[in-house]
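S.K.: There's a structure below that I have some questions on.
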Amino acid sequence: MKFKLTCDEATAICSKNQYGEASVVDKIRMVFHLLFCAVCKLYTKQNTIITKCLSSVNDETEGIKKLNVKEKEEMELKIKEMVE
Amino acid sequence: MSLEEKQQLNPEKWVGLYADYLFNYTIKRVDNHEVSKDLIQETFYAALKAVPSFKGLASERTWLVSILKRKIIDHYRKVNSAKGKAEVRVNFHQSGEQEGDWIQERVPAKWPSFSDYNLEQMELSDTLRMCIDNLPEKYAIVFKMKTIQEMETEDICKELDISSSNLWVIIHRARTQLRACMEQNWFNK
């Protein structure tokens, strides 16, 4: 395995790391890449900001979603048609 | 096992008993009202056809969910393989000497200091939602399952029948696209 990463690979590890699932070796390779790459360093910073913003989106989307009565009636009808 | 002990099927009652449960299960995975509705309808159709082969070993609901899972995988395969459909923009050179390097015009721009923004602000979540909704479906489905539903990687791979490296490529591209979309529509507006 080569140690040096391309920007594509380094940012991919950065994204995996947002979920805490990057391996230790990958994290070391990424940090090493970031020492020399200002663009990916900026990307990493922004990716972390996006993660923070996403956590506020998560809170809003909780809750049970349902079909409305009309949709269920239509479904029931279609099933009846097929049974007969 | 006698007939009485076996689980019985009552197709007339399916919608009343299971439609909401199945819908909630589906929309967490595909996050689209119409698509979810269609998948459930298809599940009921497939189940009706399969009634004669139902062995009565699982409960009715478990059996319906197993059919639905298949339908979700089929749906994901379809959006995943669709040629000519919307793709995310490429951010890195894909071949040649510069392979893996940033494409010049896709390089991230500096954002104004983050402390200037209030995370509670509704508009920020709205913009983020809009950017997520603009992702091509094959990216949106995986991204939402992982990020919004916070599902385990292993479970998503099983449910969509994809490899974990495939999952991470999709997440990487989705997030890169999301970053660019937020830069355009929020941070550097």
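Just remember, in the structure tokens the first chain shown is A, the second B, etc., residues are 1-based per chain, and ligands are 1-based in the order shown.
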Any idea which chain A residues end up within 7 Å of chain B if we count only C-alpha atoms, as a PyMOL selection string please?
M.R.: chain A and resi 6-8+12+15-16+39+43+47+53+57-58+64-67+72+75-76+80
S.K.: Output N, CA and C atoms for every residue in that selection, as a compact mmCIF listing (two decimals), in the first residue's frame.
M.R.:
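Result written to result-v2.txt:
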```txt
# COMPACT_ATOMS: atom_id res chain seq x y z
N THR A 6 -3.88 10.82 -2.86
CA THR A 6 -4.27 11.91 -3.76
C THR A 6 -5.31 12.74 -3.00
N CYS A 7 -5.65 13.90 -3.54
CA CYS A 7 -6.67 14.75 -2.90
C CYS A 7 -8.02 14.02 -2.85
N ASP A 8 -8.32 13.30 -3.92
CA ASP A 8 -9.57 12.55 -3.99
C ASP A 8 -9.63 11.54 -2.83
N ALA A 12 -11.95 11.65 0.61
CA ALA A 12 -12.84 10.50 0.83
C ALA A 12 -12.70 9.99 2.27
N SER A 15 -14.46 12.31 4.61
CA SER A 15 -15.90 12.09 4.68
C SER A 15 -16.24 10.88 5.54
N LYS A 16 -15.45 9.82 5.40
CA LYS A 16 -15.67 8.61 6.20
C LYS A 16 -15.47 8.94 7.68
N VAL A 39 -5.70 23.09 0.16
CA VAL A 39 -7.05 22.95 -0.39
C VAL A 39 -7.84 21.88 0.38
N TYR A 43 -11.11 22.00 2.73
CA TYR A 43 -12.24 21.10 2.49
C TYR A 43 -12.63 20.38 3.79
N ASN A 47 -16.15 20.46 5.52
CA ASN A 47 -16.88 19.19 5.65
C ASN A 47 -17.36 19.01 7.09
N CYS A 53 -24.05 21.27 10.63
CA CYS A 53 -25.34 21.73 10.10
C CYS A 53 -26.30 20.56 9.94
N VAL A 57 -30.49 19.34 10.94
CA VAL A 57 -31.52 18.85 10.01
C VAL A 57 -32.12 17.55 10.55
N ASN A 58 -31.27 16.71 11.12
CA ASN A 58 -31.72 15.42 11.66
C ASN A 58 -32.84 15.58 12.67
N ILE A 64 -43.21 10.09 12.83
CA ILE A 64 -43.81 9.03 12.02
C ILE A 64 -44.49 9.63 10.80
N LYS A 65 -44.21 9.07 9.66
CA LYS A 65 -44.86 9.53 8.45
C LYS A 65 -45.91 8.51 8.03
N LYS A 66 -47.01 9.03 7.56
CA LYS A 66 -48.12 8.13 7.22
C LYS A 66 -48.69 8.44 5.85
N LEU A 67 -49.41 7.46 5.34
CA LEU A 67 -50.19 7.67 4.13
C LEU A 67 -51.51 8.30 4.55
N LYS A 72 -54.87 5.23 1.23
CA LYS A 72 -55.09 3.87 1.74
C LYS A 72 -56.35 3.25 1.13
N MET A 75 -55.53 2.02 -2.24
CA MET A 75 -54.76 0.78 -2.15
C MET A 75 -55.66 -0.41 -1.88
N GLU A 76 -56.55 -0.21 -0.93
CA GLU A 76 -57.47 -1.28 -0.56
C GLU A 76 -58.30 -1.71 -1.77
N LYS A 80 -58.52 -5.35 -3.60
CA LYS A 80 -59.80 -6.04 -3.78
C LYS A 80 -59.99 -6.47 -5.22
```
S.K.: As a VMD selection string, please: all residues of chain B that backbone DSSP puts in helix (DSSP H, G or I).
M.R.: chain B and resid 3 to 5 11 to 30 33 to 53 60 to 81 104 to 106 114 to 116 122 to 133 137 to 147 153 to 160 164 to 187
S.K.: Determine, counting only C-alpha atoms, which protein, DNA and RNA residues have an atom within 10 Å of an atom of B:Leu9; residues of the same chain fewer than 5 positions away are not included. Present the result as a short mmCIF file (atom, residue, chain, number, x, y, z; two decimals) with all heavy atoms, in the first residue's frame.
M.R.:
```cif
data_model
loop_
_atom_site.label_atom_id
_atom_site.label_comp_id
_atom_site.auth_asym_id
_atom_site.auth_seq_id
_atom_site.Cartn_x
_atom_site.Cartn_y
_atom_site.Cartn_z
N TRP B 14 -54.72 -6.16 4.91
CA TRP B 14 -53.32 -5.72 4.82
C TRP B 14 -53.15 -4.22 4.94
O TRP B 14 -52.31 -3.73 5.70
CB TRP B 14 -52.70 -6.19 3.50
CG TRP B 14 -52.33 -7.64 3.53
CD1 TRP B 14 -52.37 -8.48 4.62
CD2 TRP B 14 -51.87 -8.42 2.43
NE1 TRP B 14 -51.96 -9.74 4.26
CE2 TRP B 14 -51.65 -9.73 2.92
CE3 TRP B 14 -51.61 -8.16 1.08
CZ2 TRP B 14 -51.18 -10.76 2.10
CZ3 TRP B 14 -51.14 -9.18 0.28
CH2 TRP B 14 -50.93 -10.48 0.78
N ALA B 47 -47.14 -9.89 -3.02
CA ALA B 47 -47.56 -10.76 -1.92
C ALA B 47 -48.80 -11.56 -2.31
O ALA B 47 -48.89 -12.76 -2.06
CB ALA B 47 -47.82 -9.93 -0.67
N LEU B 48 -49.74 -10.88 -2.97
CA LEU B 48 -50.97 -11.57 -3.40
C LEU B 48 -50.64 -12.74 -4.31
O LEU B 48 -51.18 -13.83 -4.16
CB LEU B 48 -51.88 -10.59 -4.15
CG LEU B 48 -52.78 -9.70 -3.29
CD1 LEU B 48 -53.51 -8.71 -4.17
CD2 LEU B 48 -53.77 -10.53 -2.48
N VAL B 51 -49.26 -15.65 -2.33
CA VAL B 51 -50.08 -16.25 -1.26
C VAL B 51 -50.02 -17.78 -1.27
O VAL B 51 -49.81 -18.39 -0.21
CB VAL B 51 -51.55 -15.74 -1.33
CG1 VAL B 51 -52.47 -16.62 -0.51
CG2 VAL B 51 -51.62 -14.30 -0.83
N PHE B 54 -47.01 -19.15 0.51
CA PHE B 54 -46.77 -18.73 1.89
C PHE B 54 -46.85 -19.93 2.81
O PHE B 54 -47.85 -20.63 2.85
CB PHE B 54 -47.81 -17.67 2.29
CG PHE B 54 -47.67 -17.18 3.71
CD1 PHE B 54 -46.58 -16.41 4.10
CD2 PHE B 54 -48.62 -17.50 4.68
CE1 PHE B 54 -46.45 -15.94 5.40
CE2 PHE B 54 -48.50 -17.04 5.99
CZ PHE B 54 -47.40 -16.27 6.34
N GLY B 56 -46.47 -19.95 6.13
CA GLY B 56 -47.03 -19.72 7.45
C GLY B 56 -46.02 -19.83 8.57
O GLY B 56 -46.37 -19.97 9.74
N SER B 59 -44.62 -14.39 10.64
CA SER B 59 -45.86 -13.64 10.78
C SER B 59 -46.13 -12.93 9.45
O SER B 59 -45.23 -12.75 8.63
CB SER B 59 -45.75 -12.61 11.90
OG SER B 59 -44.95 -11.53 11.48
N GLU B 60 -47.37 -12.55 9.30
CA GLU B 60 -47.77 -11.88 8.06
C GLU B 60 -46.93 -10.63 7.81
O GLU B 60 -46.44 -10.38 6.72
CB GLU B 60 -49.25 -11.49 8.20
CG GLU B 60 -49.97 -11.27 6.91
CD GLU B 60 -51.47 -11.04 7.15
OE1 GLU B 60 -51.84 -10.46 8.19
OE2 GLU B 60 -52.25 -11.45 6.30
N ARG B 61 -46.71 -9.84 8.89
CA ARG B 61 -45.96 -8.61 8.75
C ARG B 61 -44.50 -8.87 8.34
O ARG B 61 -43.98 -8.23 7.45
CB ARG B 61 -46.01 -7.79 10.04
CG ARG B 61 -45.48 -6.39 9.84
CD ARG B 61 -45.60 -5.55 11.08
NE ARG B 61 -44.49 -5.78 11.99
CZ ARG B 61 -44.26 -5.03 13.07
NH1 ARG B 61 -45.07 -4.04 13.38
NH2 ARG B 61 -43.23 -5.29 13.85
#
```
